[in-house]
Each structure stands twice: as structure tokens, then as C-alpha cells.
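J.: If it helps, the file is called model-v9.cif and holds mmCIF, N, CA and C atoms:
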data_input
loop_
_atom_site.label_atom_id
_atom_site.label_comp_id
_atom_site.auth_asym_id
_atom_site.auth_seq_id
_atom_site.Cartn_x
_atom_site.Cartn_y
_atom_site.Cartn_z
N MET A 38 -36.94 -33.13 -27.54
CA MET A 38 -37.11 -31.89 -26.83
C MET A 38 -37.59 -30.85 -27.83
N SER A 39 -38.55 -30.04 -27.43
CA SER A 39 -39.09 -29.02 -28.34
C SER A 39 -38.18 -27.79 -28.38
N ASN A 40 -38.39 -26.99 -29.40
CA ASN A 40 -37.58 -25.77 -29.55
C ASN A 40 -37.76 -24.81 -28.38
N GLY A 41 -38.92 -24.74 -27.79
CA GLY A 41 -39.19 -23.85 -26.65
C GLY A 41 -38.37 -24.24 -25.43
N ARG A 42 -38.28 -25.56 -25.14
CA ARG A 42 -37.50 -26.03 -23.98
C ARG A 42 -36.01 -25.78 -24.20
N ILE A 43 -35.55 -25.96 -25.42
CA ILE A 43 -34.13 -25.74 -25.72
C ILE A 43 -33.78 -24.26 -25.50
N ARG A 44 -34.64 -23.37 -25.99
CA ARG A 44 -34.40 -21.93 -25.83
C ARG A 44 -34.38 -21.54 -24.35
N ARG A 45 -35.32 -22.08 -23.55
CA ARG A 45 -35.36 -21.75 -22.12
C ARG A 45 -34.09 -22.24 -21.42
N ARG A 46 -33.63 -23.44 -21.74
CA ARG A 46 -32.41 -23.97 -21.12
C ARG A 46 -31.19 -23.16 -21.53
N LEU A 47 -31.12 -22.77 -22.79
CA LEU A 47 -30.01 -21.92 -23.24
C LEU A 47 -30.04 -20.56 -22.54
N ALA A 48 -31.23 -19.99 -22.40
CA ALA A 48 -31.36 -18.70 -21.73
C ALA A 48 -30.94 -18.82 -20.26
N LEU A 49 -31.38 -19.89 -19.59
CA LEU A 49 -31.02 -20.11 -18.19
C LEU A 49 -29.51 -20.31 -18.05
N GLY A 50 -28.91 -21.10 -18.93
CA GLY A 50 -27.46 -21.32 -18.90
C GLY A 50 -26.69 -20.03 -19.13
N GLY A 51 -27.16 -19.20 -20.05
CA GLY A 51 -26.52 -17.91 -20.32
C GLY A 51 -26.62 -16.98 -19.12
N ALA A 52 -27.77 -16.99 -18.43
CA ALA A 52 -27.94 -16.14 -17.25
C ALA A 52 -27.01 -16.59 -16.13
N VAL A 53 -26.88 -17.88 -15.92
CA VAL A 53 -25.99 -18.40 -14.89
C VAL A 53 -24.54 -18.04 -15.21
N LEU A 54 -24.14 -18.18 -16.46
CA LEU A 54 -22.79 -17.83 -16.88
C LEU A 54 -22.51 -16.34 -16.68
N ALA A 55 -23.45 -15.49 -17.06
CA ALA A 55 -23.27 -14.05 -16.90
C ALA A 55 -23.16 -13.68 -15.42
N ALA A 56 -23.98 -14.30 -14.58
CA ALA A 56 -23.92 -14.01 -13.14
C ALA A 56 -22.58 -14.43 -12.55
N SER A 57 -22.06 -15.58 -12.95
CA SER A 57 -20.78 -16.04 -12.40
C SER A 57 -19.64 -15.14 -12.86
N VAL A 58 -19.67 -14.66 -14.09
CA VAL A 58 -18.64 -13.74 -14.58
C VAL A 58 -18.72 -12.43 -13.81
N LEU A 59 -19.92 -11.93 -13.56
CA LEU A 59 -20.11 -10.68 -12.82
C LEU A 59 -19.59 -10.80 -11.39
N VAL A 60 -19.87 -11.89 -10.72
CA VAL A 60 -19.37 -12.12 -9.36
C VAL A 60 -17.84 -12.18 -9.37
N GLY A 61 -17.26 -12.82 -10.34
CA GLY A 61 -15.80 -12.89 -10.45
C GLY A 61 -15.17 -11.52 -10.66
N LEU A 62 -15.78 -10.69 -11.49
CA LEU A 62 -15.26 -9.35 -11.73
C LEU A 62 -15.38 -8.47 -10.49
N ILE A 63 -16.48 -8.57 -9.77
CA ILE A 63 -16.65 -7.77 -8.56
C ILE A 63 -15.64 -8.18 -7.51
N GLY A 64 -15.41 -9.47 -7.35
CA GLY A 64 -14.42 -9.94 -6.38
C GLY A 64 -13.02 -9.47 -6.73
N ALA A 65 -12.66 -9.48 -8.01
CA ALA A 65 -11.33 -9.03 -8.43
C ALA A 65 -11.17 -7.53 -8.22
N GLY A 66 -12.22 -6.77 -8.42
CA GLY A 66 -12.16 -5.32 -8.22
C GLY A 66 -11.94 -4.93 -6.77
N THR A 67 -12.57 -5.61 -5.84
CA THR A 67 -12.38 -5.29 -4.43
C THR A 67 -11.01 -5.71 -3.97
N ALA A 68 -10.47 -6.80 -4.47
CA ALA A 68 -9.12 -7.21 -4.09
C ALA A 68 -8.11 -6.18 -4.57
N GLN A 69 -8.30 -5.66 -5.77
CA GLN A 69 -7.39 -4.65 -6.30
C GLN A 69 -7.48 -3.38 -5.47
N ALA A 70 -8.67 -2.99 -5.03
CA ALA A 70 -8.82 -1.78 -4.23
C ALA A 70 -8.10 -1.91 -2.90
N GLN A 71 -8.12 -3.07 -2.27
CA GLN A 71 -7.44 -3.27 -1.00
C GLN A 71 -5.93 -3.18 -1.16
N VAL A 72 -5.40 -3.66 -2.26
CA VAL A 72 -3.96 -3.62 -2.49
C VAL A 72 -3.50 -2.19 -2.71
N SER A 73 -4.27 -1.39 -3.45
CA SER A 73 -3.83 -0.05 -3.81
C SER A 73 -3.92 0.93 -2.66
N VAL A 74 -4.57 0.60 -1.56
CA VAL A 74 -4.67 1.49 -0.41
C VAL A 74 -3.28 1.78 0.14
N ALA A 75 -2.43 0.77 0.23
CA ALA A 75 -1.12 0.91 0.86
C ALA A 75 -0.03 1.08 -0.18
N ARG A 76 -0.12 2.12 -1.01
CA ARG A 76 0.84 2.26 -2.10
C ARG A 76 1.20 3.70 -2.30
N CYS A 77 2.45 3.93 -2.56
CA CYS A 77 2.96 5.26 -2.92
C CYS A 77 3.18 5.30 -4.42
N ALA A 78 3.26 6.51 -4.96
CA ALA A 78 3.59 6.68 -6.37
C ALA A 78 5.09 6.47 -6.56
N GLY A 79 5.46 6.00 -7.71
CA GLY A 79 6.88 5.84 -8.03
C GLY A 79 7.33 4.40 -7.96
N HIS A 80 8.64 4.22 -7.94
CA HIS A 80 9.20 2.87 -7.89
C HIS A 80 9.82 2.62 -6.51
N LYS A 81 9.72 1.37 -6.08
CA LYS A 81 10.24 1.00 -4.77
C LYS A 81 11.76 1.04 -4.81
N VAL A 82 12.36 1.77 -3.83
CA VAL A 82 13.81 1.88 -3.80
C VAL A 82 14.43 1.18 -2.60
N ARG A 83 13.66 0.95 -1.55
CA ARG A 83 14.24 0.32 -0.37
C ARG A 83 13.13 -0.22 0.52
N THR A 84 13.43 -1.30 1.24
CA THR A 84 12.54 -1.84 2.26
C THR A 84 13.35 -2.01 3.53
N LEU A 85 12.86 -1.43 4.63
CA LEU A 85 13.52 -1.53 5.94
C LEU A 85 12.68 -2.45 6.81
N GLU A 86 13.13 -3.66 7.03
CA GLU A 86 12.38 -4.63 7.83
C GLU A 86 12.82 -4.58 9.27
N PHE A 87 11.87 -4.81 10.19
CA PHE A 87 12.15 -4.91 11.61
C PHE A 87 11.21 -5.93 12.22
N SER A 88 11.32 -6.15 13.53
CA SER A 88 10.65 -7.29 14.17
C SER A 88 9.14 -7.31 14.00
N THR A 89 8.48 -6.16 14.00
CA THR A 89 7.01 -6.14 13.96
C THR A 89 6.44 -5.61 12.65
N GLY A 90 7.30 -5.27 11.68
CA GLY A 90 6.79 -4.76 10.42
C GLY A 90 7.89 -4.36 9.47
N LYS A 91 7.55 -3.47 8.54
CA LYS A 91 8.53 -2.99 7.58
C LYS A 91 8.11 -1.62 7.08
N VAL A 92 9.10 -0.85 6.64
CA VAL A 92 8.86 0.43 6.00
C VAL A 92 9.29 0.29 4.55
N VAL A 93 8.39 0.62 3.63
CA VAL A 93 8.68 0.54 2.21
C VAL A 93 8.82 1.97 1.68
N ILE A 94 9.92 2.22 0.95
CA ILE A 94 10.25 3.56 0.48
C ILE A 94 10.18 3.59 -1.04
N TYR A 95 9.49 4.61 -1.58
CA TYR A 95 9.33 4.79 -3.02
C TYR A 95 9.89 6.15 -3.41
N LYS A 96 10.28 6.29 -4.67
CA LYS A 96 10.79 7.55 -5.16
C LYS A 96 10.27 7.81 -6.57
N LYS A 97 9.91 9.09 -6.81
CA LYS A 97 9.44 9.49 -8.14
C LYS A 97 9.67 10.98 -8.32
N ARG A 98 10.48 11.34 -9.32
CA ARG A 98 10.71 12.73 -9.71
C ARG A 98 11.06 13.64 -8.53
N GLY A 99 11.97 13.22 -7.69
CA GLY A 99 12.40 14.05 -6.57
C GLY A 99 11.54 13.92 -5.33
N TYR A 100 10.43 13.22 -5.40
CA TYR A 100 9.57 12.99 -4.24
C TYR A 100 9.89 11.63 -3.64
N VAL A 101 9.93 11.57 -2.32
CA VAL A 101 10.15 10.32 -1.60
C VAL A 101 8.91 10.05 -0.77
N CYS A 102 8.43 8.83 -0.84
CA CYS A 102 7.22 8.43 -0.13
C CYS A 102 7.54 7.18 0.67
N ALA A 103 6.97 7.09 1.88
CA ALA A 103 7.20 5.91 2.72
C ALA A 103 5.90 5.49 3.37
N ILE A 104 5.81 4.19 3.64
CA ILE A 104 4.64 3.63 4.30
C ILE A 104 5.11 2.52 5.24
N THR A 105 4.55 2.47 6.43
CA THR A 105 4.88 1.42 7.40
C THR A 105 3.78 0.37 7.34
N LEU A 106 4.17 -0.89 7.19
CA LEU A 106 3.23 -2.01 7.13
C LEU A 106 3.45 -2.92 8.31
N ALA A 107 2.37 -3.34 8.97
CA ALA A 107 2.47 -4.26 10.10
C ALA A 107 2.74 -5.67 9.59
N LYS A 108 3.56 -6.41 10.33
CA LYS A 108 3.84 -7.80 9.96
C LYS A 108 2.61 -8.68 10.18
N SER A 109 1.85 -8.39 11.24
CA SER A 109 0.62 -9.14 11.50
C SER A 109 -0.54 -8.16 11.66
N PRO A 110 -1.19 -7.80 10.52
CA PRO A 110 -2.30 -6.85 10.58
C PRO A 110 -3.53 -7.46 11.26
N GLY A 111 -4.41 -6.60 11.72
CA GLY A 111 -5.65 -7.07 12.33
C GLY A 111 -6.04 -6.23 13.52
N ALA A 112 -5.36 -6.42 14.63
CA ALA A 112 -5.67 -5.66 15.84
C ALA A 112 -5.07 -4.26 15.74
N ARG A 113 -5.75 -3.29 16.35
CA ARG A 113 -5.23 -1.92 16.36
C ARG A 113 -3.97 -1.85 17.21
N LYS A 114 -2.95 -1.18 16.65
CA LYS A 114 -1.71 -0.97 17.39
C LYS A 114 -1.12 0.37 16.97
N THR A 115 -0.24 0.88 17.80
CA THR A 115 0.40 2.16 17.52
C THR A 115 1.37 1.99 16.36
N MET A 116 1.21 2.83 15.34
CA MET A 116 2.08 2.78 14.17
C MET A 116 2.45 4.21 13.77
N SER A 117 3.62 4.34 13.19
CA SER A 117 4.03 5.65 12.68
C SER A 117 4.99 5.49 11.52
N VAL A 118 5.08 6.54 10.72
CA VAL A 118 6.06 6.63 9.65
C VAL A 118 6.43 8.11 9.51
N SER A 119 7.71 8.37 9.30
CA SER A 119 8.13 9.75 9.06
C SER A 119 9.23 9.76 8.02
N VAL A 120 9.23 10.82 7.21
CA VAL A 120 10.24 11.03 6.18
C VAL A 120 10.71 12.47 6.32
N GLN A 121 12.04 12.63 6.40
CA GLN A 121 12.62 13.95 6.54
C GLN A 121 13.67 14.16 5.47
N ALA A 122 13.48 15.19 4.65
CA ALA A 122 14.51 15.58 3.70
C ALA A 122 15.52 16.44 4.45
N ARG A 123 16.81 16.25 4.16
CA ARG A 123 17.86 16.98 4.88
C ARG A 123 17.61 18.48 4.77
N GLY A 124 17.61 19.15 5.93
CA GLY A 124 17.38 20.59 5.98
C GLY A 124 15.93 20.96 6.23
N ASN A 125 15.02 20.01 6.23
CA ASN A 125 13.59 20.27 6.46
C ASN A 125 13.10 19.51 7.68
N ARG A 126 11.90 19.83 8.09
CA ARG A 126 11.25 19.09 9.19
C ARG A 126 10.64 17.81 8.64
N PRO A 127 10.49 16.80 9.50
CA PRO A 127 9.92 15.54 9.00
C PRO A 127 8.41 15.64 8.77
N ALA A 128 7.94 14.94 7.75
CA ALA A 128 6.51 14.73 7.54
C ALA A 128 6.18 13.42 8.23
N ARG A 129 5.07 13.37 9.01
CA ARG A 129 4.83 12.22 9.87
C ARG A 129 3.36 11.83 9.88
N ASP A 130 3.11 10.55 9.99
CA ASP A 130 1.77 10.01 10.23
C ASP A 130 1.88 9.03 11.38
N ALA A 131 1.08 9.23 12.41
CA ALA A 131 1.12 8.34 13.57
C ALA A 131 -0.29 8.17 14.11
N GLY A 132 -0.55 7.00 14.67
CA GLY A 132 -1.86 6.74 15.25
C GLY A 132 -2.05 5.26 15.55
N GLU A 133 -3.28 4.90 15.85
CA GLU A 133 -3.67 3.51 16.11
C GLU A 133 -4.27 2.96 14.82
N TYR A 134 -3.54 2.06 14.18
CA TYR A 134 -3.97 1.52 12.90
C TYR A 134 -3.98 -0.01 12.94
N THR A 135 -4.71 -0.63 11.99
CA THR A 135 -4.78 -2.09 11.92
C THR A 135 -3.82 -2.67 10.90
N HIS A 136 -3.46 -1.91 9.87
CA HIS A 136 -2.66 -2.46 8.77
C HIS A 136 -1.42 -1.64 8.46
N HIS A 137 -1.57 -0.32 8.26
CA HIS A 137 -0.43 0.49 7.84
C HIS A 137 -0.57 1.93 8.32
N ALA A 138 0.58 2.61 8.42
CA ALA A 138 0.64 4.04 8.67
C ALA A 138 1.19 4.69 7.42
N GLY A 139 0.64 5.83 7.05
CA GLY A 139 1.10 6.52 5.85
C GLY A 139 0.14 6.26 4.71
N PRO A 140 0.50 6.59 3.55
CA PRO A 140 1.80 7.04 3.07
C PRO A 140 2.09 8.50 3.42
N VAL A 141 3.39 8.81 3.54
CA VAL A 141 3.89 10.16 3.80
C VAL A 141 4.86 10.50 2.67
N THR A 142 4.67 11.67 2.06
CA THR A 142 5.49 12.07 0.92
C THR A 142 6.15 13.42 1.19
N VAL A 143 7.42 13.54 0.82
CA VAL A 143 8.14 14.82 0.90
C VAL A 143 8.86 15.06 -0.42
N HIS A 144 9.11 16.33 -0.72
CA HIS A 144 9.93 16.64 -1.88
C HIS A 144 11.37 16.75 -1.40
N ALA A 145 12.21 15.85 -1.85
CA ALA A 145 13.59 15.81 -1.43
C ALA A 145 14.52 16.35 -2.50
N GLY A 146 14.08 16.41 -3.73
CA GLY A 146 14.98 16.79 -4.81
C GLY A 146 16.12 15.80 -4.88
N ARG A 147 17.35 16.29 -4.73
CA ARG A 147 18.51 15.40 -4.71
C ARG A 147 19.12 15.31 -3.32
N ARG A 148 18.36 15.73 -2.31
CA ARG A 148 18.87 15.68 -0.94
C ARG A 148 18.65 14.31 -0.31
N CYS A 149 19.42 14.02 0.72
CA CYS A 149 19.27 12.79 1.48
C CYS A 149 17.97 12.83 2.27
N VAL A 150 17.46 11.67 2.61
CA VAL A 150 16.27 11.59 3.47
C VAL A 150 16.54 10.65 4.63
N TRP A 151 15.82 10.86 5.73
CA TRP A 151 15.89 10.00 6.90
C TRP A 151 14.48 9.46 7.11
N VAL A 152 14.34 8.14 7.13
CA VAL A 152 13.03 7.50 7.24
C VAL A 152 12.98 6.71 8.54
N LYS A 153 11.87 6.86 9.28
CA LYS A 153 11.65 6.12 10.52
C LYS A 153 10.27 5.47 10.47
N GLY A 154 10.15 4.33 11.12
CA GLY A 154 8.86 3.66 11.20
C GLY A 154 8.75 2.85 12.47
N THR A 155 7.52 2.75 13.02
CA THR A 155 7.27 1.94 14.21
C THR A 155 5.96 1.17 14.04
N VAL A 156 5.95 -0.01 14.62
CA VAL A 156 4.73 -0.82 14.76
C VAL A 156 4.81 -1.42 16.15
N GLY A 157 3.95 -0.97 17.07
CA GLY A 157 4.00 -1.45 18.44
C GLY A 157 5.34 -1.12 19.07
N ALA A 158 6.01 -2.14 19.61
CA ALA A 158 7.31 -1.94 20.27
C ALA A 158 8.48 -1.96 19.29
N GLY A 159 8.29 -2.44 18.08
CA GLY A 159 9.37 -2.51 17.10
C GLY A 159 9.51 -1.23 16.31
N ASN A 160 10.74 -0.91 15.91
CA ASN A 160 10.96 0.30 15.12
C ASN A 160 12.20 0.16 14.26
N THR A 161 12.34 1.09 13.32
CA THR A 161 13.52 1.16 12.48
C THR A 161 13.81 2.62 12.16
N SER A 162 15.08 2.89 11.89
CA SER A 162 15.52 4.22 11.51
C SER A 162 16.62 4.04 10.46
N SER A 163 16.51 4.73 9.34
CA SER A 163 17.39 4.47 8.20
C SER A 163 18.73 5.18 8.27
N GLY A 164 18.83 6.27 8.97
CA GLY A 164 19.98 7.15 8.79
C GLY A 164 19.79 7.89 7.48
N TRP A 165 20.75 8.73 7.08
CA TRP A 165 20.62 9.47 5.83
C TRP A 165 20.83 8.53 4.65
N ILE A 166 19.82 8.42 3.80
CA ILE A 166 19.87 7.52 2.64
C ILE A 166 19.45 8.24 1.38
N LEU A 167 19.58 7.60 0.25
CA LEU A 167 19.16 8.07 -1.07
C LEU A 167 19.82 9.39 -1.43
N CYS A 168 21.08 9.57 -1.05
CA CYS A 168 21.82 10.82 -1.31
C CYS A 168 22.26 10.90 -2.76
#
Can you dump the structure from the file as C-alpha cells?

T.:
Amino acid sequence: MSNGRIRRRLALGGAVLAASVLVGLIGAGTAQAQVSVARCAGHKVRTLEFSTGKVVIYKKRGYVCAITLAKSPGARKTMSVSVQARGNRPARDAGEYTHHAGPVTVHAGRRCVWVKGTVGAGNTSSGWILC
């Protein structure tokens, strides 16, 4: 084999390798973007599960954040999430969603919070928690 053919094959192999690495990186980036859509800041402190979904509660520096996730995402259904710090009105997100409602964040300081969530006919209510 001549030096010219070897160089062309090496160049073609390098181009194929670079393209496959680029496709892998693009795929990983979009997967990460989809995961971060349904996330609150802080650390997870509680999960309230119910028949059609769950409410995940996060806390960071006196702020409480909650998000309602559907157990079977895909079709549009009525979803809601609300967080109420004791002594204040609830912050709420409600509508027709395919995957999640929220996130909703309130400043609770050291006060208790009441978290509610619904997905279709299923719902949950925490009572006063995180006191």
C-alpha cells in the first residue's frame, strides 16, 4: 500500500471517530437537559407518593420547593402543585401538563409548610411538615 492510500484511510478513520464522538456528546447533552427541567434547587427532603404520581420536596437556605411528577407521563392531564408556608398564602402551579407541574418555591424560613399535589384524579396533601 502506498503512503497516499494509508494517509487517506487514516484521515477517513479519524473523521468517522470524530463524528461518532460528536454524536455521543450531543445525545448526552440533550438527555441532561431533559432531566434538569424537573428539578428544584437544594436537597431533596421528602417524597409524597400517591396513585397517579408523586410530589418531590426540596429545601435550601430557608426556601422550600416542590414539583409534582406524573407516574405515567405522555398524555396531557390536569396537574397541580402548591406550597404554603404557615401564615402565608400558597404558591401554586396548575394546568394541563404531560410530565410535571411546578416547580413552585416559597420562602419558609423556619416555619412549617403544607404541600399539595394532584395528577388527574389522584392527589396528596402533606399536612404541616418541615417544622

J.: Between A:Cys77, A:Ala131, A:Val93, A:Val101, which has the minimum distance to Gly157 in chain A (counting only C-alpha atoms)?

T.: A:Ala131

J.: Using the chain letters and numbers from the file, which residues does the PyMOL selection byres ((chain A and resi 128) around 6) grab, as a PDB file with N, CA and C atoms, in the coordinates of the input?

T.:
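Writing done, so here's selection.pdb:
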ATOM      1  N   VAL A 118       5.080   6.540  10.720  1.00  0.00           N
ATOM      2  CA  VAL A 118       6.060   6.630   9.650  1.00  0.00           C
ATOM      3  C   VAL A 118       6.430   8.110   9.510  1.00  0.00           C
ATOM      4  N   SER A 119       7.710   8.370   9.300  1.00  0.00           N
ATOM      5  CA  SER A 119       8.130   9.750   9.060  1.00  0.00           C
ATOM      6  C   SER A 119       9.230   9.760   8.020  1.00  0.00           C
ATOM      7  N   VAL A 120       9.230  10.820   7.210  1.00  0.00           N
ATOM      8  CA  VAL A 120      10.240  11.030   6.180  1.00  0.00           C
ATOM      9  C   VAL A 120      10.710  12.470   6.320  1.00  0.00           C
ATOM     10  N   GLN A 121      12.040  12.630   6.400  1.00  0.00           N
ATOM     11  CA  GLN A 121      12.620  13.950   6.540  1.00  0.00           C
ATOM     12  C   GLN A 121      13.670  14.160   5.470  1.00  0.00           C
ATOM     13  N   ARG A 126      11.900  19.830   8.090  1.00  0.00           N
ATOM     14  CA  ARG A 126      11.250  19.090   9.190  1.00  0.00           C
ATOM     15  C   ARG A 126      10.640  17.810   8.640  1.00  0.00           C
ATOM     16  N   PRO A 127      10.490  16.800   9.500  1.00  0.00           N
ATOM     17  CA  PRO A 127       9.920  15.540   9.000  1.00  0.00           C
ATOM     18  C   PRO A 127       8.410  15.640   8.770  1.00  0.00           C
ATOM     19  N   ARG A 129       5.070  13.370   9.010  1.00  0.00           N
ATOM     20  CA  ARG A 129       4.830  12.220   9.870  1.00  0.00           C
ATOM     21  C   ARG A 129       3.360  11.830   9.880  1.00  0.00           C
ATOM     22  N   ASP A 130       3.110  10.550   9.990  1.00  0.00           N
ATOM     23  CA  ASP A 130       1.770  10.010  10.230  1.00  0.00           C
ATOM     24  C   ASP A 130       1.880   9.030  11.380  1.00  0.00           C
ATOM     25  N   VAL A 141       3.390   8.810   3.540  1.00  0.00           N
ATOM     26  CA  VAL A 141       3.890  10.160   3.800  1.00  0.00           C
ATOM     27  C   VAL A 141       4.860  10.500   2.670  1.00  0.00           C
TER      28      VAL A 141
END

J.: Do you know which residues are at most 6.5 Å from range 162-166 of chain A counting all atoms listed in the file, after dropping those on the same chain fewer than 2 positions away, and could you put them as a compact mmCIF listing (two decimals) with N, CA and C atoms, in the coordinates of the input?

T.:
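File produced: out-v5.txt:
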# COMPACT_ATOMS: atom_id res chain seq x y z
N ARG A 148 18.36 15.73 -2.31
CA ARG A 148 18.87 15.68 -0.94
C ARG A 148 18.65 14.31 -0.31
N CYS A 149 19.42 14.02 0.72
CA CYS A 149 19.27 12.79 1.48
C CYS A 149 17.97 12.83 2.27
N VAL A 150 17.46 11.67 2.61
CA VAL A 150 16.27 11.59 3.47
C VAL A 150 16.54 10.65 4.63
N TRP A 151 15.82 10.86 5.73
CA TRP A 151 15.89 10.00 6.90
C TRP A 151 14.48 9.46 7.11
N VAL A 152 14.34 8.14 7.13
CA VAL A 152 13.03 7.50 7.24
C VAL A 152 12.98 6.71 8.54
N LYS A 153 11.87 6.86 9.28
CA LYS A 153 11.65 6.12 10.52
C LYS A 153 10.27 5.47 10.47
N GLY A 154 10.15 4.33 11.12
CA GLY A 154 8.86 3.66 11.20
C GLY A 154 8.75 2.85 12.47
N ASN A 160 10.74 -0.91 15.91
CA ASN A 160 10.96 0.30 15.12
C ASN A 160 12.20 0.16 14.26
N CYS A 168 21.08 9.57 -1.05
CA CYS A 168 21.82 10.82 -1.31
C CYS A 168 22.26 10.90 -2.76

J.: Applying the PyMOL selection byres (((chain A and resi 156 and name CA) around 7) and name CA) to the file I just gave you, which residues come out? Please list them as a ChimeraX atom specification.

T.: /A:89-90,107,114-117,155,157-160

J.: Can you write out the residues you just picked, keeping N, CA and C atoms, as a PDB file, in the frame of the given file?

T.:
ATOM      1  N   THR A  89       8.480  -6.160  14.000  1.00  0.00           N
ATOM      2  CA  THR A  89       7.010  -6.140  13.960  1.00  0.00           C
ATOM      3  C   THR A  89       6.440  -5.610  12.650  1.00  0.00           C
ATOM      4  N   GLY A  90       7.300  -5.270  11.680  1.00  0.00           N
ATOM      5  CA  GLY A  90       6.790  -4.760  10.420  1.00  0.00           C
ATOM      6  C   GLY A  90       7.890  -4.360   9.470  1.00  0.00           C
ATOM      7  N   ALA A 107       2.370  -3.340   8.970  1.00  0.00           N
ATOM      8  CA  ALA A 107       2.470  -4.260  10.100  1.00  0.00           C
ATOM      9  C   ALA A 107       2.740  -5.670   9.590  1.00  0.00           C
ATOM     10  N   LYS A 114      -2.950  -1.180  16.650  1.00  0.00           N
ATOM     11  CA  LYS A 114      -1.710  -0.970  17.390  1.00  0.00           C
ATOM     12  C   LYS A 114      -1.120   0.370  16.970  1.00  0.00           C
ATOM     13  N   THR A 115      -0.240   0.880  17.800  1.00  0.00           N
ATOM     14  CA  THR A 115       0.400   2.160  17.520  1.00  0.00           C
ATOM     15  C   THR A 115       1.370   1.990  16.360  1.00  0.00           C
ATOM     16  N   MET A 116       1.210   2.830  15.340  1.00  0.00           N
ATOM     17  CA  MET A 116       2.080   2.780  14.170  1.00  0.00           C
ATOM     18  C   MET A 116       2.450   4.210  13.770  1.00  0.00           C
ATOM     19  N   SER A 117       3.620   4.340  13.190  1.00  0.00           N
ATOM     20  CA  SER A 117       4.030   5.650  12.680  1.00  0.00           C
ATOM     21  C   SER A 117       4.990   5.490  11.520  1.00  0.00           C
ATOM     22  N   THR A 155       7.520   2.750  13.020  1.00  0.00           N
ATOM     23  CA  THR A 155       7.270   1.940  14.210  1.00  0.00           C
ATOM     24  C   THR A 155       5.960   1.170  14.040  1.00  0.00           C
ATOM     25  N   GLY A 157       3.950  -0.970  17.070  1.00  0.00           N
ATOM     26  CA  GLY A 157       4.000  -1.450  18.440  1.00  0.00           C
ATOM     27  C   GLY A 157       5.340  -1.120  19.070  1.00  0.00           C
ATOM     28  N   ALA A 158       6.010  -2.140  19.610  1.00  0.00           N
ATOM     29  CA  ALA A 158       7.310  -1.940  20.270  1.00  0.00           C
ATOM     30  C   ALA A 158       8.480  -1.960  19.290  1.00  0.00           C
ATOM     31  N   GLY A 159       8.290  -2.440  18.080  1.00  0.00           N
ATOM     32  CA  GLY A 159       9.370  -2.510  17.100  1.00  0.00           C
ATOM     33  C   GLY A 159       9.510  -1.230  16.310  1.00  0.00           C
ATOM     34  N   ASN A 160      10.740  -0.910  15.910  1.00  0.00           N
ATOM     35  CA  ASN A 160      10.960   0.300  15.120  1.00  0.00           C
ATOM     36  C   ASN A 160      12.200   0.160  14.260  1.00  0.00           C
TER      37      ASN A 160
END

J.: Quick one: pull the distance between atom C of Ala138 in chain A and atom C of Glu86 in chain A, Å, one decimal.

T.: 15.0 Å

J.: CA of Ala122 in chain A and CA of Lys81 in chain A are how many Å apart?

T.: 17.4 Å

J.: What is the distance between CA of Pro110 in chain A and atom C of Val143 in chain A, in Å to one decimal?

T.: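 Between CA of Pro110 in chain A and atom C of Val143 in chain A the gap works out to 26.9 Å.
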
J.: Residues of range 122-168 of chain A in strand (DSSP E or B) according to DSSP, as a ChimeraX atom specification?

T.: /A:122,128-134,137-144,150-156,159-166

J.: Select, from A:His144, A:Arg113, A:Lys108, A:Lys96, the residue with the minimum atom-to-atom distance to Gly132 in chain A, counting only N, CA and C atoms.

T.: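 Using only N, CA and C atoms, Gly132 in chain A sits closest to A:Arg113.
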
J.: For His80 in chain A, which of A:Leu167, A:Ile104, A:Ala145, A:Ile94 is the closest residue, counting all atoms listed in the file?

T.: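 Smallest separation from His80 in chain A among the options: A:Ile94.
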